[in-house]
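Structure file final_23.csv with CSV, C-alpha atoms:
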chain,number,residue,atom,x,y,z
A,1,ALA,CA,-196.0,-143.8,58.7
A,2,ASP,CA,-193.0,-141.5,59.1
A,3,LEU,CA,-192.6,-138.5,56.9
A,4,ASP,CA,-189.4,-138.1,54.8
A,5,GLY,CA,-189.1,-134.3,55.2
A,6,ASP,CA,-190.4,-131.5,57.5
A,7,VAL,CA,-194.1,-130.8,57.1
A,8,PHE,CA,-195.9,-128.1,59.0
A,9,MET,CA,-199.6,-127.4,59.2
A,10,GLU,CA,-201.7,-124.5,60.6
A,11,LEU,CA,-204.0,-125.2,63.5
A,12,PRO,CA,-207.7,-125.3,62.7
A,13,VAL,CA,-209.6,-122.0,63.0
A,14,GLY,CA,-211.1,-121.4,66.4
A,15,MET,CA,-208.8,-123.8,68.3
A,16,VAL,CA,-207.9,-122.5,71.7
A,17,VAL,CA,-204.9,-123.8,73.7
A,18,ASP,CA,-204.2,-122.7,77.3
A,19,GLY,CA,-206.9,-119.9,76.9
A,20,ARG,CA,-205.2,-118.2,74.0
A,21,ASP,CA,-206.1,-118.0,70.3
A,22,THR,CA,-203.9,-120.1,68.1
A,23,TYR,CA,-204.4,-118.5,64.7
A,24,LYS,CA,-200.7,-117.8,64.2
A,25,ASP,CA,-199.4,-121.2,65.5
A,26,VAL,CA,-198.2,-124.1,63.4
A,27,LEU,CA,-197.5,-127.7,64.1
A,28,LYS,CA,-194.7,-129.9,62.8
A,29,LEU,CA,-196.0,-133.3,61.8
A,30,ASN,CA,-194.0,-136.4,62.7
A,31,LYS,CA,-196.4,-138.9,61.0
A,32,SER,CA,-198.6,-139.0,58.0
A,33,ILE,CA,-202.2,-137.9,58.5
A,34,TYR,CA,-205.2,-138.4,56.3
A,35,GLY,CA,-205.5,-135.9,53.5
A,36,LEU,CA,-201.8,-135.1,53.4
A,37,LYS,CA,-200.4,-135.3,49.9
A,38,GLN,CA,-197.3,-137.2,51.0
A,39,SER,CA,-199.3,-139.8,53.1
A,40,ASN,CA,-200.0,-142.1,50.2
A,41,LEU,CA,-196.4,-142.6,49.4
A,42,SER,CA,-195.4,-142.9,53.1
A,43,TRP,CA,-197.9,-145.7,53.7
A,44,PHE,CA,-196.9,-147.4,50.5
A,45,LYS,CA,-193.3,-147.4,51.5
A,46,LEU,CA,-194.2,-148.7,55.0
A,47,LEU,CA,-196.3,-151.5,53.5
A,48,LEU,CA,-193.6,-152.4,50.9
A,49,GLY,CA,-190.9,-152.6,53.7
A,50,ALA,CA,-193.1,-154.8,55.9
A,51,LEU,CA,-193.9,-157.2,53.0
A,52,GLN,CA,-190.3,-157.4,52.0
A,53,LYS,CA,-189.2,-157.9,55.6
A,54,GLU,CA,-191.7,-160.7,56.1
A,55,GLY,CA,-189.7,-162.6,53.5
A,56,ARG,CA,-192.8,-164.2,51.8
A,57,ASP,CA,-191.5,-163.3,48.4
A,58,PHE,CA,-194.1,-160.6,47.5
A,59,LYS,CA,-193.3,-159.0,44.2
A,60,PRO,CA,-195.1,-156.1,42.4
A,61,PRO,CA,-195.6,-156.8,38.7
A,62,GLN,CA,-194.3,-154.3,36.2
A,63,VAL,CA,-197.9,-153.4,35.0
A,64,ASP,CA,-199.2,-152.3,38.4
A,65,PRO,CA,-196.6,-151.5,41.1
A,66,CYS,CA,-199.4,-151.2,43.8
A,67,LEU,CA,-200.4,-154.8,43.4
A,68,PHE,CA,-198.4,-157.5,45.3
A,69,ILE,CA,-198.2,-161.1,44.1
A,70,ARG,CA,-196.8,-163.8,46.3
A,71,LYS,CA,-194.7,-166.2,44.2
Taking this structure as input, can you express it in the form of structure tokens?
Amino acid sequence: ADLDGDVFMELPVGMVVDGRDTYKDVLKLNKSIYGLKQSNLSWFKLLLGALQKEGRDFKPPQVDPCLFIRK
């Protein structure tokens, strides 16, 4: 799932790229990855958009917005 804002992460300790140590390098993430705080919301928005686009009338009840019921 795509991220809404800019998210950067440090490279893992001991990772070597092109023969040089990368302890000061960072990566800009373009997609959600496991363990990222924003990933749950990103995947939920992706699922919600896909279900609504499908047009099968999936609606979340007021009690539990993570549950989808097809009416």
Who sits within 12 Å of Ser42 of chain A, only C-alpha atoms, same chain under 5 positions skipped, as a ChimeraX atom specification: /A:1-5,30-34,36-37,47-49
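Here atom CA of Lys24 of chain A is placed at a distance of 29.2 Å from atom CA of Leu41 of chain A.
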Would you work out the distance separating atom CA of Phe8 of chain A from atom CA of Lys45 of chain A, expressed in Å to one decimal?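 Between atom CA of Phe8 of chain A and atom CA of Lys45 of chain A the gap works out to 20.9 Å.
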Pairwise distance for atom CA of Val63 of chain A and atom CA of Gly35 of chain A, rounded to one decimal in Å: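 Interatomic distance, atom CA of Val63 of chain A to atom CA of Gly35 of chain A: 26.6 Å.
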Hey, which of A:Pro12, A:Asp6, A:Asn40, A:Leu46 ends up closest to Lys28 of chain A? Count all atoms listed in the file. A:Asp6
Name all residues at most 8 Å from Lys71 of chain A (count all atoms listed in the file; drop same-chain ones fewer than 4 positions away) and give them as a ChimeraX atom specification. /A:57-59
File output for segment 2-24 of chain A (N, CA, C and O atoms) as a PDB file, in the first residue's frame:
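part.pdb, freshly written:
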ATOM      1  N   ASP A   2       0.443   2.273  -0.661  1.00  0.00           N
ATOM      2  CA  ASP A   2       1.200   3.520  -0.715  1.00  0.00           C
ATOM      3  C   ASP A   2       1.140   4.244   0.615  1.00  0.00           C
ATOM      4  O   ASP A   2       0.176   4.118   1.367  1.00  0.00           O
ATOM      5  N   LEU A   3       2.152   5.024   0.913  1.00  0.00           N
ATOM      6  CA  LEU A   3       2.209   5.821   2.134  1.00  0.00           C
ATOM      7  C   LEU A   3       1.722   7.232   1.842  1.00  0.00           C
ATOM      8  O   LEU A   3       1.915   7.749   0.744  1.00  0.00           O
ATOM      9  N   ASP A   4       1.112   7.877   2.834  1.00  0.00           N
ATOM     10  CA  ASP A   4       0.596   9.232   2.656  1.00  0.00           C
ATOM     11  C   ASP A   4       1.688  10.289   2.710  1.00  0.00           C
ATOM     12  O   ASP A   4       1.648  11.272   2.000  1.00  0.00           O
ATOM     13  N   GLY A   5       2.678  10.105   3.562  1.00  0.00           N
ATOM     14  CA  GLY A   5       3.745  11.089   3.716  1.00  0.00           C
ATOM     15  C   GLY A   5       5.107  10.483   3.450  1.00  0.00           C
ATOM     16  O   GLY A   5       5.232   9.344   3.009  1.00  0.00           O
ATOM     17  N   ASP A   6       6.137  11.259   3.720  1.00  0.00           N
ATOM     18  CA  ASP A   6       7.505  10.776   3.561  1.00  0.00           C
ATOM     19  C   ASP A   6       7.925  10.006   4.806  1.00  0.00           C
ATOM     20  O   ASP A   6       7.824  10.515   5.923  1.00  0.00           O
ATOM     21  N   VAL A   7       8.393   8.777   4.617  1.00  0.00           N
ATOM     22  CA  VAL A   7       8.867   7.940   5.716  1.00  0.00           C
ATOM     23  C   VAL A   7      10.264   7.456   5.346  1.00  0.00           C
ATOM     24  O   VAL A   7      10.485   6.934   4.255  1.00  0.00           O
ATOM     25  N   PHE A   8      11.204   7.649   6.271  1.00  0.00           N
ATOM     26  CA  PHE A   8      12.580   7.237   6.059  1.00  0.00           C
ATOM     27  C   PHE A   8      12.958   6.204   7.104  1.00  0.00           C
ATOM     28  O   PHE A   8      12.429   6.202   8.209  1.00  0.00           O
ATOM     29  N   MET A   9      13.863   5.308   6.758  1.00  0.00           N
ATOM     30  CA  MET A   9      14.346   4.306   7.708  1.00  0.00           C
ATOM     31  C   MET A   9      15.853   4.153   7.557  1.00  0.00           C
ATOM     32  O   MET A   9      16.411   4.362   6.480  1.00  0.00           O
ATOM     33  N   GLU A  10      16.491   3.812   8.665  1.00  0.00           N
ATOM     34  CA  GLU A  10      17.925   3.536   8.634  1.00  0.00           C
ATOM     35  C   GLU A  10      18.142   2.130   8.109  1.00  0.00           C
ATOM     36  O   GLU A  10      17.314   1.247   8.300  1.00  0.00           O
ATOM     37  N   LEU A  11      19.260   1.926   7.440  1.00  0.00           N
ATOM     38  CA  LEU A  11      19.608   0.593   6.970  1.00  0.00           C
ATOM     39  C   LEU A  11      19.996  -0.290   8.158  1.00  0.00           C
ATOM     40  O   LEU A  11      20.489   0.212   9.169  1.00  0.00           O
ATOM     41  N   PRO A  12      19.777  -1.581   8.049  1.00  0.00           N
ATOM     42  CA  PRO A  12      20.155  -2.485   9.144  1.00  0.00           C
ATOM     43  C   PRO A  12      21.660  -2.447   9.414  1.00  0.00           C
ATOM     44  O   PRO A  12      22.466  -2.246   8.511  1.00  0.00           O
ATOM     45  N   VAL A  13      22.020  -2.656  10.673  1.00  0.00           N
ATOM     46  CA  VAL A  13      23.426  -2.660  11.079  1.00  0.00           C
ATOM     47  C   VAL A  13      24.167  -3.781  10.359  1.00  0.00           C
ATOM     48  O   VAL A  13      23.675  -4.899  10.248  1.00  0.00           O
ATOM     49  N   GLY A  14      25.337  -3.454   9.839  1.00  0.00           N
ATOM     50  CA  GLY A  14      26.161  -4.453   9.173  1.00  0.00           C
ATOM     51  C   GLY A  14      25.882  -4.614   7.694  1.00  0.00           C
ATOM     52  O   GLY A  14      26.560  -5.374   7.016  1.00  0.00           O
ATOM     53  N   MET A  15      24.901  -3.911   7.157  1.00  0.00           N
ATOM     54  CA  MET A  15      24.604  -4.021   5.723  1.00  0.00           C
ATOM     55  C   MET A  15      25.691  -3.308   4.922  1.00  0.00           C
ATOM     56  O   MET A  15      26.088  -2.193   5.241  1.00  0.00           O
ATOM     57  N   VAL A  16      26.187  -3.974   3.901  1.00  0.00           N
ATOM     58  CA  VAL A  16      27.247  -3.420   3.063  1.00  0.00           C
ATOM     59  C   VAL A  16      26.719  -3.287   1.636  1.00  0.00           C
ATOM     60  O   VAL A  16      26.175  -4.231   1.074  1.00  0.00           O
ATOM     61  N   VAL A  17      26.876  -2.095   1.055  1.00  0.00           N
ATOM     62  CA  VAL A  17      26.444  -1.835  -0.318  1.00  0.00           C
ATOM     63  C   VAL A  17      27.652  -1.315  -1.088  1.00  0.00           C
ATOM     64  O   VAL A  17      28.286  -0.344  -0.674  1.00  0.00           O
ATOM     65  N   ASP A  18      27.971  -1.946  -2.193  1.00  0.00           N
ATOM     66  CA  ASP A  18      29.103  -1.558  -3.042  1.00  0.00           C
ATOM     67  C   ASP A  18      30.414  -1.486  -2.253  1.00  0.00           C
ATOM     68  O   ASP A  18      31.234  -0.594  -2.458  1.00  0.00           O
ATOM     69  N   GLY A  19      30.597  -2.400  -1.293  1.00  0.00           N
ATOM     70  CA  GLY A  19      31.837  -2.484  -0.555  1.00  0.00           C
ATOM     71  C   GLY A  19      32.038  -1.422   0.510  1.00  0.00           C
ATOM     72  O   GLY A  19      33.117  -1.297   1.062  1.00  0.00           O
ATOM     73  N   ARG A  20      31.010  -0.635   0.822  1.00  0.00           N
ATOM     74  CA  ARG A  20      31.168   0.391   1.856  1.00  0.00           C
ATOM     75  C   ARG A  20      30.132   0.185   2.953  1.00  0.00           C
ATOM     76  O   ARG A  20      29.048  -0.327   2.706  1.00  0.00           O
ATOM     77  N   ASP A  21      30.474   0.606   4.141  1.00  0.00           N
ATOM     78  CA  ASP A  21      29.567   0.484   5.287  1.00  0.00           C
ATOM     79  C   ASP A  21      28.441   1.514   5.133  1.00  0.00           C
ATOM     80  O   ASP A  21      28.664   2.618   4.656  1.00  0.00           O
ATOM     81  N   THR A  22      27.255   1.143   5.530  1.00  0.00           N
ATOM     82  CA  THR A  22      26.090   2.000   5.298  1.00  0.00           C
ATOM     83  C   THR A  22      25.463   2.503   6.595  1.00  0.00           C
ATOM     84  O   THR A  22      24.283   2.786   6.637  1.00  0.00           O
ATOM     85  N   TYR A  23      26.244   2.652   7.653  1.00  0.00           N
ATOM     86  CA  TYR A  23      25.667   3.005   8.948  1.00  0.00           C
ATOM     87  C   TYR A  23      25.064   4.406   8.984  1.00  0.00           C
ATOM     88  O   TYR A  23      24.277   4.718   9.860  1.00  0.00           O
ATOM     89  N   LYS A  24      25.427   5.285   8.042  1.00  0.00           N
ATOM     90  CA  LYS A  24      24.869   6.642   8.018  1.00  0.00           C
ATOM     91  C   LYS A  24      23.786   6.803   6.957  1.00  0.00           C
ATOM     92  O   LYS A  24      23.157   7.854   6.876  1.00  0.00           O
TER      93      LYS A  24
END
